$ cat final.txt   # compact mmCIF, C-alpha atoms
# COMPACT_ATOMS: atom_id res chain seq x y z
CA MET A 1 19.56 -2.06 6.43
CA SER A 2 15.95 -2.42 7.50
CA ASP A 3 13.61 -5.15 6.29
CA THR A 4 11.82 -2.65 4.12
CA ASN A 5 15.01 -1.97 2.21
CA ALA A 6 15.84 -5.66 2.04
CA LEU A 7 12.46 -6.32 0.48
CA THR A 8 12.96 -3.87 -2.31
CA THR A 9 16.51 -4.93 -3.07
CA LEU A 10 15.78 -7.08 -6.08
CA SER A 11 12.41 -5.93 -7.29
CA ASP A 12 10.24 -2.86 -7.49
CA ALA A 13 7.13 -4.84 -8.42
CA GLN A 14 3.67 -3.90 -7.23
CA TYR A 15 3.10 -7.00 -5.09
CA LEU A 16 5.87 -5.93 -2.70
CA GLN A 17 3.69 -2.97 -1.77
CA SER A 18 0.79 -5.18 -0.66
CA PRO A 19 0.53 -4.83 3.15
CA GLU A 20 -0.37 -8.49 3.69
CA TYR A 21 2.55 -9.72 1.59
CA ARG A 22 4.95 -7.29 3.23
CA ALA A 23 3.87 -8.39 6.70
CA HIS A 24 4.38 -12.03 5.73
CA VAL A 25 7.89 -11.49 4.33
CA GLU A 26 8.93 -9.15 7.13
CA GLY A 27 7.77 -11.74 9.68
CA MET A 28 9.97 -14.34 8.04
CA LEU A 29 12.95 -11.96 7.87
CA ALA A 30 12.47 -11.20 11.57
CA SER A 31 12.51 -14.91 12.39
CA TYR A 32 15.89 -15.13 10.64
CA ASP A 33 17.22 -12.16 12.62
CA HIS A 34 16.79 -9.58 9.84
CA PRO A 35 19.38 -10.71 7.27
CA THR A 36 20.25 -8.37 4.43
CA GLY A 37 21.84 -8.65 0.98
CA ILE A 38 22.13 -12.18 -0.42
CA LEU A 39 20.87 -13.81 2.78
CA GLY A 40 17.95 -11.37 2.92
CA GLU A 41 17.04 -12.19 -0.66
CA LEU A 42 17.21 -15.94 0.01
CA VAL A 43 14.92 -15.57 3.03
CA SER A 44 12.55 -13.35 1.00
CA GLN A 45 12.36 -16.05 -1.67
CA MET A 46 11.67 -18.67 1.00
CA ALA A 47 8.91 -16.46 2.40
CA ASP A 48 7.50 -16.14 -1.11
CA ALA A 49 7.36 -19.92 -1.47
CA PHE A 50 5.45 -20.19 1.84
CA TRP A 51 3.18 -17.41 0.65
CA TRP A 52 2.28 -19.40 -2.46
CA VAL A 53 1.65 -22.54 -0.42
CA ARG A 54 -0.91 -20.53 1.53
CA VAL A 55 -2.44 -19.09 -1.66
CA TYR A 56 -2.68 -22.49 -3.35
CA ARG A 57 -4.36 -24.03 -0.30
CA GLY A 58 -6.88 -21.19 -0.38
CA GLU A 59 -7.45 -21.82 -4.08
CA LYS A 60 -8.10 -25.50 -3.41
CA ASP A 61 -10.83 -24.65 -0.91
CA GLN A 62 -12.26 -22.04 -3.24
CA ILE A 63 -12.50 -24.23 -6.33
CA LEU A 64 -14.05 -27.08 -4.36
CA LEU A 65 -16.68 -24.80 -2.84
CA SER A 66 -17.33 -23.24 -6.22
CA ALA A 67 -17.80 -26.66 -7.81
CA MET A 68 -20.12 -27.75 -4.97
CA THR A 69 -22.26 -24.68 -5.53
CA ASP A 70 -22.22 -25.27 -9.29
CA GLN A 71 -23.65 -28.73 -8.63
CA LEU A 72 -26.61 -27.10 -6.90
CA ILE A 73 -27.29 -24.11 -9.13
CA ARG A 74 -25.97 -22.99 -12.48
CA LYS A 75 -24.19 -19.69 -12.20
CA ASP A 76 -24.99 -17.16 -14.87
CA LYS A 77 -23.19 -13.92 -14.57
CA TRP A 78 -25.85 -12.05 -16.50
CA GLU A 79 -28.91 -13.42 -14.79
CA GLU A 80 -30.06 -11.22 -11.96
CA GLU A 81 -31.85 -13.99 -10.07
CA THR A 82 -29.36 -16.85 -10.10
CA LEU A 83 -26.20 -14.97 -9.26
CA PRO A 84 -27.27 -13.74 -5.77
CA LEU A 85 -28.63 -17.21 -5.02
CA TRP A 86 -25.39 -18.80 -6.18
CA LEU A 87 -23.43 -16.44 -3.94
CA SER A 88 -25.71 -17.17 -0.95
CA LEU A 89 -25.28 -20.91 -1.38
CA TYR A 90 -21.53 -20.45 -1.71
CA GLU A 91 -21.45 -18.52 1.57
CA ILE A 92 -23.58 -21.12 3.35
CA LEU A 93 -21.41 -24.01 2.14
CA SER A 94 -18.27 -22.10 3.02
CA ALA A 95 -19.55 -21.51 6.55
CA LEU A 96 -20.66 -25.12 7.00
CA ILE A 97 -17.37 -26.58 5.81
CA GLY A 98 -15.43 -24.06 7.87
CA GLY A 99 -17.28 -25.31 10.97
CA GLU A 100 -19.19 -22.08 11.49
CA LEU A 101 -22.78 -21.84 12.61
CA VAL A 102 -25.37 -20.94 9.98
CA GLU A 103 -28.81 -19.52 10.52
CA ALA A 104 -31.84 -21.77 10.36
CA ASP A 105 -33.27 -20.22 7.18
CA GLN A 106 -29.92 -20.57 5.42
CA GLU A 107 -29.70 -24.20 6.43
CA GLU A 108 -33.23 -24.70 5.14
CA LEU A 109 -32.35 -23.10 1.80
CA LEU A 110 -29.37 -25.39 1.39
CA ALA A 111 -31.39 -28.44 2.39
CA ASP A 112 -34.00 -27.60 -0.27
CA PHE A 113 -31.35 -27.48 -2.98
CA LEU A 114 -29.69 -30.66 -1.74
CA VAL A 115 -32.98 -32.55 -1.77
CA ALA A 116 -33.84 -31.22 -5.23
CA LYS A 117 -30.53 -32.46 -6.60
CA GLY A 118 -30.64 -35.73 -4.66
CA HIS A 119 -27.50 -35.03 -2.65
CA ASN A 120 -26.34 -34.86 0.90
CA LEU A 121 -23.34 -32.74 1.87
CA GLN A 122 -20.90 -35.63 1.54
CA SER A 123 -22.10 -36.80 -1.88
CA LEU A 124 -22.12 -33.21 -3.10
CA ARG A 125 -18.54 -32.82 -2.01
CA THR A 126 -17.55 -36.07 -3.73
CA ASP A 127 -19.20 -35.07 -7.01
CA ALA A 128 -17.63 -31.62 -6.87
CA PHE A 129 -14.22 -33.09 -6.15
CA ARG A 130 -14.56 -35.33 -9.19
CA ALA A 131 -15.27 -32.26 -11.30
CA VAL A 132 -12.21 -30.33 -10.12
CA ARG A 133 -9.76 -33.19 -9.71
CA GLY A 134 -7.53 -31.89 -12.52
CA SER A 135 -7.11 -28.47 -10.93
CA TYR A 136 -6.60 -30.10 -7.54
CA GLU A 137 -3.76 -32.21 -8.88
CA THR A 138 -2.14 -29.16 -10.48
CA LEU A 139 -2.39 -27.25 -7.20
CA ASP A 140 -0.90 -30.19 -5.29
CA ARG A 141 2.03 -30.24 -7.72
CA LEU A 142 2.48 -26.50 -7.27
CA ILE A 143 2.47 -26.87 -3.47
CA GLU A 144 4.98 -29.70 -3.70
CA ARG A 145 7.21 -27.53 -5.89
CA GLN A 146 7.10 -24.72 -3.34
CA LEU A 147 8.13 -27.08 -0.54
CA LYS A 148 11.06 -28.32 -2.65
CA ASN A 149 11.99 -24.70 -3.33
CA VAL A 150 12.02 -23.96 0.39
CA LYS A 151 14.28 -26.95 1.03
CA LEU A 152 16.76 -25.89 -1.67
CA LEU A 153 16.69 -22.26 -0.57
CA MET A 154 17.36 -23.29 3.04
CA GLN A 155 20.36 -25.32 1.91
CA SER A 156 21.58 -22.33 -0.12
CA TYR A 157 21.06 -20.09 2.90
CA ASP A 158 23.20 -22.39 5.06
CA SER A 159 25.94 -22.51 2.41
CA VAL A 160 26.11 -18.74 2.12
CA ARG A 161 25.68 -18.20 5.85
CA PHE A 162 28.59 -20.45 6.81
CA ALA A 163 30.90 -19.75 3.86
CA PRO A 164 33.01 -17.15 5.77
CA GLN A 165 33.45 -19.49 8.75
CA ILE A 166 34.53 -22.35 6.48
CA HIS A 167 37.13 -20.15 4.83
CA LYS A 168 38.39 -19.01 8.19
CA LYS A 169 38.63 -22.61 9.37
CA MET A 170 40.54 -23.50 6.21
CA ALA A 171 43.06 -20.72 6.78
CA LEU A 172 43.61 -21.91 10.34
CA GLU A 173 44.12 -25.52 9.23
CA ILE A 174 46.75 -24.42 6.69
CA GLU A 175 48.51 -22.38 9.31
CA GLN A 176 48.49 -25.38 11.65
CA LEU A 177 49.97 -27.65 8.97
CA GLU A 178 52.68 -25.10 8.24
CA GLN A 179 53.56 -24.96 11.91
CA GLN A 180 53.72 -28.74 11.96
CA VAL A 181 56.15 -28.81 9.02
CA LYS A 182 58.26 -26.12 10.59
CA GLN A 183 58.38 -28.09 13.83
CA SER A 184 59.31 -31.32 12.03
CA ARG A 185 62.13 -29.55 10.18
CA GLU A 186 63.41 -28.25 13.47
CA ASP A 187 63.20 -31.75 15.00
CA GLN A 188 65.03 -33.21 12.00
CA ARG A 189 67.78 -30.65 12.29
CA LEU A 190 68.18 -31.36 15.99
CA GLU A 191 68.26 -35.11 15.36
CA VAL A 192 70.96 -34.75 12.71
CA ASP A 193 72.97 -32.50 15.02
CA ARG A 194 72.66 -35.00 17.86
CA GLN A 195 73.81 -37.89 15.68
CA MET B 1 -6.88 -6.17 -20.99
CA LYS B 2 -10.40 -7.56 -21.32
CA ILE B 3 -12.35 -7.22 -24.54
CA SER B 4 -15.98 -7.88 -25.22
CA ALA B 5 -17.16 -11.16 -26.72
CA SER B 6 -18.37 -9.54 -29.95
CA LYS B 7 -15.06 -7.79 -30.39
CA LEU B 8 -13.22 -11.06 -29.81
CA ILE B 9 -15.24 -12.76 -32.53
CA ALA B 10 -14.81 -9.82 -34.90
CA ASN B 11 -11.04 -9.93 -34.32
CA ARG B 12 -10.94 -13.62 -35.12
CA VAL B 13 -12.97 -13.18 -38.29
CA ASN B 14 -10.76 -10.29 -39.40
CA ALA B 15 -7.65 -12.31 -38.65
CA GLN B 16 -8.79 -14.90 -41.19
CA LYS B 17 -8.50 -12.23 -43.87
CA SER B 18 -4.94 -11.35 -42.88
CA THR B 19 -1.99 -12.47 -44.97
CA GLY B 20 0.50 -11.72 -42.20
CA PRO B 21 3.27 -9.18 -42.01
CA ARG B 22 4.98 -8.24 -45.27
CA SER B 23 7.71 -5.79 -44.31
CA VAL B 24 10.91 -6.82 -42.53
CA GLU B 25 9.94 -4.65 -39.56
CA GLY B 26 6.55 -6.32 -39.40
CA LYS B 27 8.06 -9.77 -39.53
CA LEU B 28 10.53 -8.88 -36.79
CA ALA B 29 7.75 -7.49 -34.64
CA SER B 30 5.53 -10.54 -35.09
CA SER B 31 8.41 -12.89 -34.35
CA ILE B 32 8.22 -11.88 -30.68
CA ASN B 33 4.43 -12.01 -30.44
CA ALA B 34 4.48 -15.22 -28.45
CA ARG B 35 6.79 -13.80 -25.81
CA ARG B 36 5.01 -13.76 -22.46
CA HIS B 37 7.56 -13.23 -19.73
CA GLY B 38 10.99 -13.70 -21.36
CA LEU B 39 11.99 -16.34 -18.79
CA ALA B 40 12.80 -18.89 -21.49
CA ALA B 41 15.34 -16.62 -23.17
CA SER B 42 18.64 -18.52 -23.19
CA PRO B 43 21.22 -15.79 -22.49
CA PRO B 44 20.09 -13.69 -19.54
CA ASN B 45 21.18 -10.46 -21.23
CA LYS B 46 18.75 -8.32 -19.33
CA LEU B 47 19.96 -9.70 -16.00
CA ALA B 48 23.62 -9.34 -16.99
CA THR B 49 23.18 -5.60 -17.38
CA ASP B 50 21.11 -5.23 -14.23
CA PRO B 51 22.71 -2.68 -11.86
CA ARG B 52 21.82 -4.84 -8.84
CA LEU B 53 24.04 -7.62 -10.15
CA GLU B 54 27.22 -5.78 -9.22
CA SER B 55 26.37 -5.24 -5.56
CA LEU B 56 25.26 -8.84 -5.08
CA ALA B 57 28.36 -10.22 -6.78
CA LYS B 58 30.52 -7.94 -4.65
CA GLU B 59 28.89 -9.23 -1.49
CA ALA B 60 29.33 -12.85 -2.61
CA ARG B 61 32.99 -12.14 -3.39
CA ALA B 62 33.45 -10.68 0.09
CA ILE B 63 32.30 -13.91 1.75
CA GLY B 64 34.80 -16.03 -0.16
CA PHE B 65 33.27 -16.97 -3.50
CA SER B 66 35.47 -16.73 -6.57
CA LEU B 67 34.75 -13.98 -9.08
CA GLU B 68 32.99 -16.31 -11.48
CA GLU B 69 30.96 -18.04 -8.77
CA ALA B 70 29.96 -14.76 -7.15
CA ARG B 71 28.64 -13.50 -10.46
CA GLN B 72 26.80 -16.77 -11.07
CA LEU B 73 25.15 -16.62 -7.64
CA ALA B 74 24.04 -13.03 -8.20
CA LEU B 75 22.66 -13.89 -11.65
CA THR B 76 20.68 -16.86 -10.34
CA LEU B 77 19.19 -14.77 -7.53
CA LEU B 78 18.04 -12.18 -10.05
CA ALA B 79 16.65 -14.87 -12.35
CA ALA B 80 14.66 -16.42 -9.50
CA ARG B 81 13.33 -13.01 -8.56
CA SER B 82 12.13 -12.43 -12.12
CA VAL B 83 10.22 -15.75 -11.97
CA ILE B 84 8.63 -14.61 -8.70
CA ASP B 85 7.63 -11.33 -10.38
CA ALA B 86 6.02 -13.27 -13.25
CA LYS B 87 4.12 -15.48 -10.79
CA HIS B 88 2.71 -12.48 -8.96
CA ALA B 89 1.84 -10.79 -12.26
CA ALA B 90 -0.36 -13.79 -13.11
CA TYR B 91 -2.36 -13.13 -9.94
CA ASP B 92 -2.68 -9.38 -10.35
CA PRO B 93 -6.24 -8.36 -11.20
CA GLU B 94 -6.47 -7.20 -14.79
CA PRO B 95 -7.56 -3.59 -15.20
CA GLU B 96 -11.09 -3.20 -16.47
CA SER B 97 -11.14 -1.89 -20.02
CA GLU B 98 -12.71 1.49 -20.62
CA PRO B 99 -16.27 1.24 -21.94
CA ALA B 100 -16.38 2.13 -25.63
CA PRO B 101 -17.97 5.53 -26.37
CA ARG B 102 -21.56 5.30 -27.60
CA LYS B 103 -21.99 5.54 -31.34
CA ASP B 104 -23.81 8.56 -32.69
CA PRO B 105 -26.94 7.55 -34.69
CA VAL B 106 -26.16 10.17 -37.32
CA ALA B 107 -22.66 8.76 -37.81
CA THR B 108 -24.01 5.21 -37.85
CA PHE B 109 -27.10 5.53 -40.04
CA GLY B 110 -26.51 8.82 -41.86
CA GLN B 111 -28.38 12.13 -41.55
CA GLU B 112 -31.01 11.24 -44.13
CA MET B 113 -32.06 8.02 -42.42
CA VAL B 114 -32.19 9.70 -39.03
CA ASP B 115 -34.43 12.47 -40.40
CA GLU B 116 -36.67 9.88 -41.98
CA ALA B 117 -36.88 7.91 -38.73
CA LEU B 118 -37.74 11.05 -36.77
CA GLU B 119 -40.49 11.84 -39.25
CA LEU B 120 -41.88 8.33 -38.72
CA GLY B 121 -42.16 9.06 -34.99
CA ILE B 122 -39.06 7.22 -33.75
CA THR B 123 -37.51 9.19 -30.93
CA MET B 124 -33.84 10.15 -30.72
CA ASP B 125 -33.40 7.97 -27.61
CA GLU B 126 -34.64 4.97 -29.54
CA LEU B 127 -32.21 5.76 -32.37
CA TRP B 128 -29.36 5.86 -29.86
CA ASP B 129 -30.46 2.42 -28.64
CA TYR B 130 -30.57 1.09 -32.21
CA ALA B 131 -27.08 2.46 -32.86
CA ASN B 132 -25.76 0.87 -29.63
CA PRO B 133 -27.34 -2.58 -29.25
CA PRO B 134 -26.52 -4.47 -26.02
CA GLU B 135 -23.45 -6.70 -26.13
CA PRO B 136 -24.31 -10.39 -26.47
CA THR B 137 -23.25 -12.50 -23.49
CA LEU B 138 -20.74 -15.30 -23.84
CA ALA B 139 -23.52 -17.78 -23.00
CA GLU B 140 -25.66 -16.36 -25.84
CA LEU B 141 -22.73 -16.79 -28.20
CA GLY B 142 -22.26 -20.37 -27.05
CA LEU B 143 -18.90 -19.60 -25.40
CA HIS B 144 -17.80 -20.65 -21.90
CA GLU B 145 -17.41 -18.08 -19.20
CA PRO B 146 -13.64 -17.67 -18.57
CA ASP B 147 -12.61 -19.09 -15.21
CA PRO B 148 -10.03 -16.72 -13.68
CA VAL B 149 -8.92 -19.26 -11.05
CA ALA B 150 -8.24 -21.94 -13.66
CA GLU B 151 -6.41 -19.42 -15.84
CA ARG B 152 -4.01 -18.32 -13.13
CA ILE B 153 -3.40 -21.88 -11.93
CA ASP B 154 -2.56 -22.80 -15.50
CA GLU B 155 -0.19 -19.84 -15.79
CA HIS B 156 1.61 -20.96 -12.62
CA ARG B 157 1.79 -24.50 -13.93
CA ARG B 158 3.55 -23.13 -17.02
CA LEU B 159 5.96 -21.14 -14.85
CA MET B 160 6.77 -24.12 -12.66
CA ARG B 161 9.66 -25.38 -14.76
CA TYR B 162 11.28 -21.92 -14.78
CA GLU B 163 11.11 -21.66 -11.00
CA GLN B 164 12.44 -25.19 -10.65
CA ARG B 165 15.39 -24.29 -12.86
CA ALA B 166 16.00 -20.98 -11.07
CA VAL B 167 16.00 -22.49 -7.56
CA ASN B 168 18.18 -25.42 -8.61
CA GLN B 169 20.67 -22.95 -10.07
CA ILE B 170 20.71 -20.95 -6.83
CA ARG B 171 21.44 -24.13 -4.88
CA LYS B 172 24.21 -25.05 -7.30
CA ALA B 173 25.74 -21.57 -7.26
CA ALA B 174 25.60 -21.26 -3.46
CA SER B 175 26.98 -24.71 -2.73
CA ILE B 176 30.59 -25.22 -1.77
CA LYS B 177 31.83 -27.30 -4.65
CA LYS B 178 33.78 -30.52 -4.50
CA LYS B 179 36.75 -30.42 -6.85
CA GLN B 180 37.31 -33.20 -9.34
CA ASN B 181 40.47 -35.35 -9.78
CA GLU B 182 41.46 -35.13 -6.18
CA PRO B 183 44.98 -36.55 -5.63
CA ASN B 184 44.20 -37.62 -2.09
CA ARG B 185 40.88 -38.21 -0.36
CA ALA B 186 41.91 -36.51 2.86
CA VAL B 187 43.34 -33.54 1.01
CA GLY B 188 40.31 -33.42 -1.23
CA ARG B 189 38.07 -33.03 1.78
CA HIS B 190 39.87 -29.81 2.57
CA PHE B 191 39.80 -28.66 -1.02
CA SER B 192 36.08 -29.15 -1.26
CA LEU B 193 35.69 -26.36 1.25
CA THR B 194 37.46 -23.84 -0.91
CA HIS B 195 36.14 -21.85 -3.83
CA ASP B 196 39.24 -20.58 -5.55
CA LYS B 197 41.01 -22.73 -8.13
CA GLY B 198 44.28 -20.92 -7.60
CA PHE B 199 43.98 -21.42 -3.90
CA TYR B 200 43.25 -25.11 -4.52
CA ARG B 201 46.42 -25.62 -6.59
CA ASN B 202 48.51 -23.74 -4.10
CA PHE B 203 47.08 -25.72 -1.22
CA GLU B 204 47.66 -29.01 -3.04
CA CYS B 205 51.35 -28.20 -3.59
CA ARG B 206 51.81 -27.16 -0.01
CA CYS B 207 50.19 -30.34 1.28
CA MET B 208 52.40 -32.54 -0.91
CA MET B 209 55.47 -30.70 0.32
CA MET B 210 54.35 -31.12 3.89
CA ARG B 211 53.71 -34.83 3.44
CA SER B 212 57.12 -35.26 1.88
CA GLU B 213 58.78 -33.36 4.72
CA LEU B 214 56.95 -35.41 7.34
CA SER B 215 57.91 -38.73 5.73
CA LYS B 216 61.58 -37.67 5.56
CA THR B 217 61.49 -36.76 9.23
CA LEU B 218 59.89 -40.06 10.10
CA PHE B 219 62.53 -41.91 8.05
CA VAL B 220 65.35 -40.20 9.88
CA LYS B 221 63.77 -40.69 13.30
CA THR B 222 63.17 -44.41 12.80
CA ASN B 223 66.50 -45.10 11.05
CA GLY B 224 64.73 -46.31 7.89
CA ARG B 225 62.38 -48.70 9.57
CA LYS B 226 58.87 -48.68 8.26
CA TYR B 227 55.81 -48.76 10.48
$ encode --input "final.txt" --output "structure tokens"
Amino acid sequence: MSDTNALTTLSDAQYLQSPEYRAHVEGMLASYDHPTGILGELVSQMADAFWWVRVYRGEKDQILLSAMTDQLIRKDKWEEETLPLWLSLYEILSALIGGELVEADQEELLADFLVAKGHNLQSLRTDAFRAVRGSYETLDRLIERQLKNVKLLMQSYDSVRFAPQIHKKMALEIEQLEQQVKQSREDQRLEVDRQ
Amino acid sequence: MKISASKLIANRVNAQKSTGPRSVEGKLASSINARRHGLAASPPNKLATDPRLESLAKEARAIGFSLEEARQLALTLLAARSVIDAKHAAYDPEPESEPAPRKDPVATFGQEMVDEALELGITMDELWDYANPPEPTLAELGLHEPDPVAERIDEHRRLMRYEQRAVNQIRKAASIKKKQNEPNRAVGRHFSLTHDKGFYRNFECRCMMMRSELSKTLFVKTNGRKY
């Protein structure tokens, strides 16, 4: 069974058709040597947990940047002037925090807003973080949950993966014990005969 | 599906006038209004009738799980997958609602009033504008703009306990269980590796027999001396 089939084993939901999600899950399945059936599903669920860790980390960055921009300018969806400005500031802050270079006029625009609000980049970040602390904590809990899920799913994977070997080992041990008993009976008989 | 702010307010005002469902059918229908994803439903009836359950259980049976355990493992995998589906659904962009068709001035104000307005020099375009005033913004109505990020985070927070339960159940179903009331620690170690109760009992009997046989042999070999 190919990875594509393994992916659609337990769900026909829309998200499985997303190319980015598919590539992520297929990559994980490939790293586990393309398991199928129960093992494939367990690996897919592990991949899903990692996927959400990535999404939640992205959300954390996004809400912090959004709150930083909100500190500088009030966003009004219906106002034609403020929305483009809000978006520009968001882009500039995103670039600066991401370590990218920004153009001189963009830097100047940001500096004007920072001065007007009596902030520097660090204080702006601190204020914004205070505003979104609740969401941050929720996202941290969600990330922690995903990591616990991965741990439990890995343990389940190992249990299912090695179950046949354990049963085989058990059968061999029983056979060995039976041989031992048979041998001891034979020894006993010989001993009695000798005496 | 998104609705406009004015419609939301109108719905809430109208709801105040409602006395609730009266018929049995209505009461039954409203009793499941709060259902969001069905993950809290106690018996997983939907999963039990899922056609995929059989193939998964069969595979689990083939690798040594007992019938009951194989079915349990398959059920928990399906339950976890339904939680994953619900999590992704919370992040799916909602489809934009169709814009409402524009109201006809004649239907809104009546033919007589329209004729009168036209006589007074009001154009038909202006009448159309009067009949379809612009929607007030949420800010104008004193309402907060909905935050989609906060909404989906909150939805995931609500789903967290279901995913915790689902994954814990998978772990429990996939684990190789340790049997209780073990007669002997060493024997119990072997039993813990098995899944089948029948096999366990059989194995226990055989081990006891073997131990008995070995002790008899030892007794004979050592002429009754104990070591």
$ atom_distance --input "final.txt" --atom1 "atom CA of Glu116 of chain B" --atom2 "atom CA of Ala131 of chain B"
15.2 Å
$ interface_residues --input "final.txt" --of "chain B" --to "chain A" --cutoff "6 Å" --atoms "only C-alpha atoms" --output "list in words"
Ile63, Arg171, Ala174, Ser175, Met210 and Thr217 of chain B
$ atom_distance --input "final.txt" --atom1 "atom CA of Thr82 of chain A" --atom2 "atom CA of Thr69 of chain A"
11.5 Å
$ atom_distance --input "final.txt" --atom1 "atom CA of Leu110 of chain A" --atom2 "atom CA of Arg125 of chain A"
13.6 Å
$ closest_residue --input "final.txt" --among "A:Arg22, A:Glu91, A:Ala47, A:Asp33" --to "Glu103 of chain A" --atoms "all atoms listed in the file"
A:Glu91
$ closest_residue --input "final.txt" --among "A:His34, A:Ala171, A:Gln71, A:Arg133" --to "Asn120 of chain A" --atoms "only C-alpha atoms"
A:Gln71
$ closest_residue --input "final.txt" --among "B:Ile122, B:Ala89, B:Leu127, B:Leu143" --to "Ala107 of chain B" --atoms "all atoms listed in the file"
B:Leu127
$ closest_residue --input "final.txt" --among "A:Ser123, A:Ile73, A:Tyr21, A:Ser88" --to "Arg54 of chain A" --atoms "all atoms listed in the file"
A:Tyr21
$ axis_aligned_box --input "final.txt" --around "segment 66-70 of chain B" --padding-each-side "4 Å" --output "lines of an AutoDock Vina configuration file"
center_x = 32.7
center_y = -16.0
center_z = -9.0
size_x = 13.5
size_y = 12.1
size_z = 12.9
$ closest_residue --input "final.txt" --among "B:Lys172, B:Lys87, B:Arg157, B:Lys17" --to "Ala70 of chain B" --atoms "only C-alpha atoms"
B:Lys172
$ residues_near_point --input "final.txt" --point "(5.5, -14.2, 4.8)" --cutoff "7 Å" --atoms "only C-alpha atoms" --output "list in words"
Tyr21, Ala23, His24, Val25, Glu26, Gly27, Met28, Ala47, Asp48, Phe50 and Trp51 of chain A
$ write_last_selection --input "final.txt" --atoms "C-alpha atoms" --output "PDB file, in the coordinates of the input"
ATOM      1  CA  TYR A  21       2.550  -9.720   1.590  1.00  0.00           C
ATOM      2  CA  ALA A  23       3.870  -8.390   6.700  1.00  0.00           C
ATOM      3  CA  HIS A  24       4.380 -12.030   5.730  1.00  0.00           C
ATOM      4  CA  VAL A  25       7.890 -11.490   4.330  1.00  0.00           C
ATOM      5  CA  GLU A  26       8.930  -9.150   7.130  1.00  0.00           C
ATOM      6  CA  GLY A  27       7.770 -11.740   9.680  1.00  0.00           C
ATOM      7  CA  MET A  28       9.970 -14.340   8.040  1.00  0.00           C
ATOM      8  CA  ALA A  47       8.910 -16.460   2.400  1.00  0.00           C
ATOM      9  CA  ASP A  48       7.500 -16.140  -1.110  1.00  0.00           C
ATOM     10  CA  PHE A  50       5.450 -20.190   1.840  1.00  0.00           C
ATOM     11  CA  TRP A  51       3.180 -17.410   0.650  1.00  0.00           C
TER      12      TRP A  51
END
$ closest_residue --input "final.txt" --among "B:Glu140, B:Glu163, B:Asp147, B:Glu98" --to "Ala79 of chain B" --atoms "all atoms listed in the file"
B:Glu163
$ residues_around --input "final.txt" --residues "Pro133 of chain B" --least-positions-apart "5" --cutoff "10 Å" --atoms "only C-alpha atoms" --output "JSON list (two decimals) with C-alpha atoms, keeping the file's coordinate frame"
[["chain", "number", "residue", "atom", "x", "y", "z"],
["B", 102, "ARG", "CA", -21.56, 5.30, -27.60],
["B", 103, "LYS", "CA", -21.99, 5.54, -31.34],
["B", 128, "TRP", "CA", -29.36, 5.86, -29.86]]
